[in-house]
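Encoded as structure tokens, the structure appears first; notes follow it.
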Amino acid sequence: MKTKYYIGLDVHKETTTYAVRDRLGNVVAEGETATIYEELYPKLKPYLSSSQIGLESTSYYYCLYQRFLKNGYPVKVANTVQMRGLINKNDKLDSRHLAELLRLGNYPTAYVPDEMIQKLRNLVHMRHNLMEEKTRCNVRIQMLLDRNGVAMPPYKAFCKKWKSSLNTYLGSGNVSPDFRYAYDHYMFLDWKEKQLEQEIMGYVKTNWSKEYELLQTIDGFGPILSCYLISEICPIARFMSKRKLRRYAGVVPVFHESAGKTGRGYLPKSSSRGLLRWALIQAANAVSRTESRLGDYYRKKHKQKKSTNIAKVAVASSLCDIIYEVLTTSKPYITN
């Protein structure tokens, strides 16, 4: 059946603006409803039997996307990076523009993960948020120790010897209430992080056991970082080449060139996956301390560029290539 109508949806938390165009580009219907499928469906029902639907990718699109998809309607999500220069910050015009792009066949489609991957992403993001909150709490605790004049041994915070000295201070009876609350909050976050890590690893072992084992054969990747990779990369078949994966991860510098002059390279943080890049840099940091081939490559880059960050990004880019090879061939990585 040929498509007769093209429906553009500009989705927000409370309301969704819709516009319907016919084959000739005429706007045959438009309006605004609550961002609820049951309220949007009656407005669009006369056109849905032979239509294409396009949504703008926002924080609130996923529920509507899933409902349309489960009911058998063809739906696409716009790639906001490619749409950035086309959006007018006007809901009515945006919904019309989305419908027009669908009609012309120029709709910049974004990848939308299935429900299993989306659940894993949610768990990984929650774990990462807990870890960041732990870091902030750690800084707060050390600030309170300094403020109260408590001398701690020169060890990494919350290692075994450091905690032994901290327990001595906690048992002294001179602990301020704010420090006690900060310490209790840190211990709660630590407990919840460990609990969540077990849930994440159990979920990954159940659904991606092969990928989970393969990724851990690569230098620098342990159980948790492997879960980060699976949540952000799988299925690997959606990447046509190693370069596509490197671009997606944001570990290939971008250069501005104008009038014969090339500007300094930078990492495209706004158009790449932040947690994937973070996991790769963490693995590169671990690899830099080893005597492996990648460790030697890091030291070579560090000597050439005299920059730790540039060397880590170079190793992270190489790790991307290795990950692509391991997942596409289903063969473990063998260190030479």
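Residue numbering restarts at 1 in every chain; chains get A, B, ... in the order shown in the structure tokens, and ligands count up from 1 in that same order.
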
At a cut-off of 10 Å, using only C-alpha atoms, what residues contact Leu98 in chain A? Leave out same-chain residues fewer than 2 positions from it and give the result as a compact mmCIF listing (two decimals) with C-alpha atoms, in the first residue's frame.
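Saved file result_25.txt follows:
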```txt
# COMPACT_ATOMS: atom_id res chain seq x y z
CA TYR A 6 2.92 11.88 6.43
CA ILE A 7 2.54 12.66 10.13
CA GLY A 8 5.02 14.82 12.03
CA LEU A 9 4.96 14.81 15.84
CA ASP A 10 6.77 17.41 17.95
CA TYR A 18 0.98 17.05 15.22
CA ALA A 19 0.79 17.91 11.52
CA VAL A 20 -0.47 15.67 8.70
CA ARG A 21 0.52 16.24 5.08
CA ILE A 53 4.99 8.80 11.32
CA GLY A 54 8.02 10.88 12.30
CA LEU A 55 8.85 11.91 15.86
CA GLU A 56 11.41 14.38 17.11
CA VAL A 77 12.64 8.96 15.16
CA ALA A 78 14.58 11.99 13.95
CA MET A 83 17.97 18.21 12.57
CA LEU A 86 16.30 22.75 10.69
CA ILE A 87 14.29 23.04 13.90
CA LEU A 93 6.33 24.66 12.32
CA ASP A 94 8.47 21.80 13.64
CA SER A 95 5.67 19.24 13.28
CA ARG A 96 4.99 20.49 9.74
CA GLU A 100 7.53 17.39 5.00
CA LEU A 101 10.87 15.61 5.47
CA LEU A 102 9.01 12.29 5.61
CA ARG A 103 7.16 13.13 2.38
CA ASN A 106 14.90 13.15 3.55
CA TYR A 107 14.00 12.20 7.12
CA PRO A 108 17.25 11.86 9.20
```

Next on the checklist: When you look at range 319-329 of chain A with a cut-off of 9 Å (counting only C-alpha atoms), what residues show up, excluding the ones that are within fewer than 6 positions of it in the same chain? I need them as an MDAnalysis selection string.
Outcome noted: chainID A and resid 211 214:215 218:219 229 234 236:237 239 241:243 245:246 249 251 280 283:284 294

Checklist entry - So which residues touch Pro153 in chain A within 9 Å, counting only C-alpha atoms, skipping near sequence neighbours fewer than 6 positions away, as a PyMOL selection string? => result chain A and resi 161-162+165

Quick one: residues within 9 Å of range 40-48 of chain A, only C-alpha atoms, excluding same-chain residues fewer than 2 positions away - as a JSON list (two decimals) with N, CA and C atoms, in the first residue's frame?
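And here's result_31.json as it stands now:
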```
[["chain", "number", "residue", "atom", "x", "y", "z"],
["A", 4, "LYS", "N", -0.14, 7.54, 1.86],
["A", 4, "LYS", "CA", -0.96, 8.69, 1.48],
["A", 4, "LYS", "C", -0.70, 9.90, 2.36],
["A", 5, "TYR", "N", -0.31, 9.62, 3.64],
["A", 5, "TYR", "CA", -0.16, 10.71, 4.59],
["A", 5, "TYR", "C", 1.17, 10.62, 5.33],
["A", 6, "TYR", "N", 1.66, 11.78, 5.71],
["A", 6, "TYR", "CA", 2.92, 11.88, 6.43],
["A", 6, "TYR", "C", 2.67, 12.70, 7.69],
["A", 7, "ILE", "N", 2.91, 12.07, 8.84],
["A", 7, "ILE", "CA", 2.54, 12.66, 10.13],
["A", 7, "ILE", "C", 3.80, 13.06, 10.89],
["A", 16, "THR", "N", 1.89, 17.33, 22.76],
["A", 16, "THR", "CA", 2.47, 16.93, 21.49],
["A", 16, "THR", "C", 1.73, 17.65, 20.37],
["A", 18, "TYR", "N", 0.95, 17.93, 16.39],
["A", 18, "TYR", "CA", 0.98, 17.05, 15.22],
["A", 18, "TYR", "C", 0.61, 17.83, 13.96],
["A", 20, "VAL", "N", -0.29, 16.74, 9.69],
["A", 20, "VAL", "CA", -0.47, 15.67, 8.70],
["A", 20, "VAL", "C", -0.44, 16.30, 7.31],
["A", 29, "ALA", "N", -4.30, 18.25, 8.32],
["A", 29, "ALA", "CA", -4.74, 18.27, 9.72],
["A", 29, "ALA", "C", -3.56, 18.66, 10.60],
["A", 30, "GLU", "N", -3.85, 19.40, 11.64],
["A", 30, "GLU", "CA", -2.84, 19.74, 12.62],
["A", 30, "GLU", "C", -3.52, 20.16, 13.92],
["A", 31, "GLY", "N", -2.76, 20.08, 14.99],
["A", 31, "GLY", "CA", -3.32, 20.42, 16.29],
["A", 31, "GLY", "C", -2.37, 20.05, 17.41],
["A", 32, "GLU", "N", -2.91, 20.03, 18.62],
["A", 32, "GLU", "CA", -2.10, 19.75, 19.80],
["A", 32, "GLU", "C", -2.91, 18.90, 20.77],
["A", 33, "THR", "N", -2.26, 17.88, 21.35],
["A", 33, "THR", "CA", -2.91, 17.03, 22.35],
["A", 33, "THR", "C", -1.93, 16.80, 23.49],
["A", 34, "ALA", "N", -2.42, 16.14, 24.52],
["A", 34, "ALA", "CA", -1.53, 15.70, 25.59],
["A", 34, "ALA", "C", -0.62, 14.60, 25.05],
["A", 35, "THR", "N", 0.56, 14.45, 25.65],
["A", 35, "THR", "CA", 1.50, 13.42, 25.21],
["A", 35, "THR", "C", 1.08, 12.07, 25.78],
["A", 36, "ILE", "N", -0.08, 11.63, 25.33],
["A", 36, "ILE", "CA", -0.67, 10.36, 25.75],
["A", 36, "ILE", "C", -1.21, 9.68, 24.50],
["A", 37, "TYR", "N", -0.87, 8.44, 24.28],
["A", 37, "TYR", "CA", -1.26, 7.74, 23.06],
["A", 37, "TYR", "C", -2.78, 7.71, 22.90],
["A", 38, "GLU", "N", -3.51, 7.48, 24.00],
["A", 38, "GLU", "CA", -4.96, 7.38, 23.93],
["A", 38, "GLU", "C", -5.62, 8.69, 23.49],
["A", 50, "SER", "N", -2.64, 4.38, 6.17],
["A", 50, "SER", "CA", -1.68, 4.48, 5.06],
["A", 50, "SER", "C", -0.79, 5.70, 5.31],
["A", 51, "SER", "N", 0.01, 5.60, 6.34],
["A", 51, "SER", "CA", 0.80, 6.77, 6.72],
["A", 51, "SER", "C", 2.21, 6.37, 7.14],
["A", 52, "GLN", "N", 3.06, 7.39, 7.23],
["A", 52, "GLN", "CA", 4.37, 7.28, 7.89],
["A", 52, "GLN", "C", 4.39, 8.31, 9.02],
["A", 53, "ILE", "N", 4.98, 7.93, 10.15],
["A", 53, "ILE", "CA", 4.99, 8.80, 11.32],
["A", 53, "ILE", "C", 6.43, 9.16, 11.65],
["A", 73, "TYR", "N", 2.23, 0.46, 13.18],
["A", 73, "TYR", "CA", 2.34, 1.65, 12.35],
["A", 73, "TYR", "C", 3.80, 2.00, 12.10]]
```

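Residue neighbourhood of Pro223 in chain A, excluding near-sequence residues (fewer than 6 positions): Glu197, Gln198, Ile200, Met201, Gly202, Val204, Lys205, Ser209, Glu211, Tyr212, Glu213, Leu214, Leu215, Gln216, Thr217, Leu229, Ile230, Ala279 and Ala283 of chain A, at 12 Å, using only C-alpha atoms.
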
Keeping only C-alpha atoms, write the selected residues as a compact mmCIF listing (two decimals), in the first residue's frame.
```txt
# COMPACT_ATOMS: atom_id res chain seq x y z
CA GLU A 197 26.30 -3.87 39.49
CA GLN A 198 25.24 -7.42 40.36
CA ILE A 200 23.48 -5.41 35.57
CA MET A 201 25.99 -8.26 35.23
CA GLY A 202 23.28 -10.87 35.81
CA VAL A 204 23.94 -9.14 30.64
CA LYS A 205 25.05 -12.73 31.30
CA SER A 209 26.65 -14.02 27.45
CA GLU A 211 29.47 -10.78 23.81
CA TYR A 212 30.14 -10.40 27.54
CA GLU A 213 32.86 -13.06 27.49
CA LEU A 214 34.42 -11.84 24.23
CA LEU A 215 34.74 -8.24 25.40
CA GLN A 216 36.56 -9.27 28.57
CA THR A 217 39.34 -10.81 26.47
CA LEU A 229 29.98 -1.46 25.86
CA ILE A 230 27.09 -3.87 25.30
CA ALA A 279 34.27 3.49 29.18
CA ALA A 283 40.02 1.11 29.59
```

Item to check | Long-range neighbours of Thr168 in chain A as a list in words, 12 Å cut-off, only C-alpha atoms, 6 positions minimum in chain | outcome: Val150, Ala151, Met152, Lys161, Trp162, Asn174 and Val175 of chain A

May I have the residues from that selection written out with N, CA and C atoms, as a PDB file, in the first residue's frame?
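The result, stored in selection.pdb:
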```pdb
ATOM      1  N   VAL A 150      41.163  16.886  60.981  1.00  0.00           N
ATOM      2  CA  VAL A 150      41.438  15.458  61.149  1.00  0.00           C
ATOM      3  C   VAL A 150      42.495  15.041  60.128  1.00  0.00           C
ATOM      4  N   ALA A 151      43.647  14.612  60.607  1.00  0.00           N
ATOM      5  CA  ALA A 151      44.738  14.188  59.718  1.00  0.00           C
ATOM      6  C   ALA A 151      44.535  12.736  59.310  1.00  0.00           C
ATOM      7  N   MET A 152      44.494  12.473  58.010  1.00  0.00           N
ATOM      8  CA  MET A 152      44.320  11.117  57.486  1.00  0.00           C
ATOM      9  C   MET A 152      45.622  10.657  56.827  1.00  0.00           C
ATOM     10  N   LYS A 161      43.375   0.788  54.456  1.00  0.00           N
ATOM     11  CA  LYS A 161      44.133   1.501  55.491  1.00  0.00           C
ATOM     12  C   LYS A 161      43.495   2.859  55.796  1.00  0.00           C
ATOM     13  N   TRP A 162      42.985   3.517  54.770  1.00  0.00           N
ATOM     14  CA  TRP A 162      42.344   4.824  54.970  1.00  0.00           C
ATOM     15  C   TRP A 162      41.073   4.668  55.809  1.00  0.00           C
ATOM     16  N   ASN A 174      33.793  12.505  68.726  1.00  0.00           N
ATOM     17  CA  ASN A 174      33.878  13.930  68.400  1.00  0.00           C
ATOM     18  C   ASN A 174      33.418  14.217  66.967  1.00  0.00           C
ATOM     19  N   VAL A 175      32.607  13.336  66.420  1.00  0.00           N
ATOM     20  CA  VAL A 175      32.182  13.455  65.028  1.00  0.00           C
ATOM     21  C   VAL A 175      31.002  14.418  64.925  1.00  0.00           C
TER      22      VAL A 175
END
```

Checklist entry - When you draw a straight line from CA of Ala182 in chain A to CA of Leu166 in chain A, how long is it in Å? => result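 Calculated distance between CA of Ala182 in chain A and CA of Leu166 in chain A is 13.0 Å.
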
Checklist entry - Skipping near chain neighbours, those fewer than 6 positions away, what residues fall within 9 Å of Asp190 in chain A using only C-alpha atoms, listed as an NGL selection string? => result :A and (130-131 or 134)

Checklist entry - Just asking: which residues within range 37-270 of chain A are helix (DSSP H, G or I) according to DSSP, as a ChimeraX atom specification? => result /A:37-48,61-70,80-83,91-104,115-147,160-170,177-207,209-215,223-233,236-238,242-249,269-270

Next on the checklist: Report, in Å with one decimal, the straight-line distance from CA of Ser57 in chain A to CA of Glu132 in chain A.
Outcome noted: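 CA of Glu132 in chain A lies 25.9 Å from CA of Ser57 in chain A.
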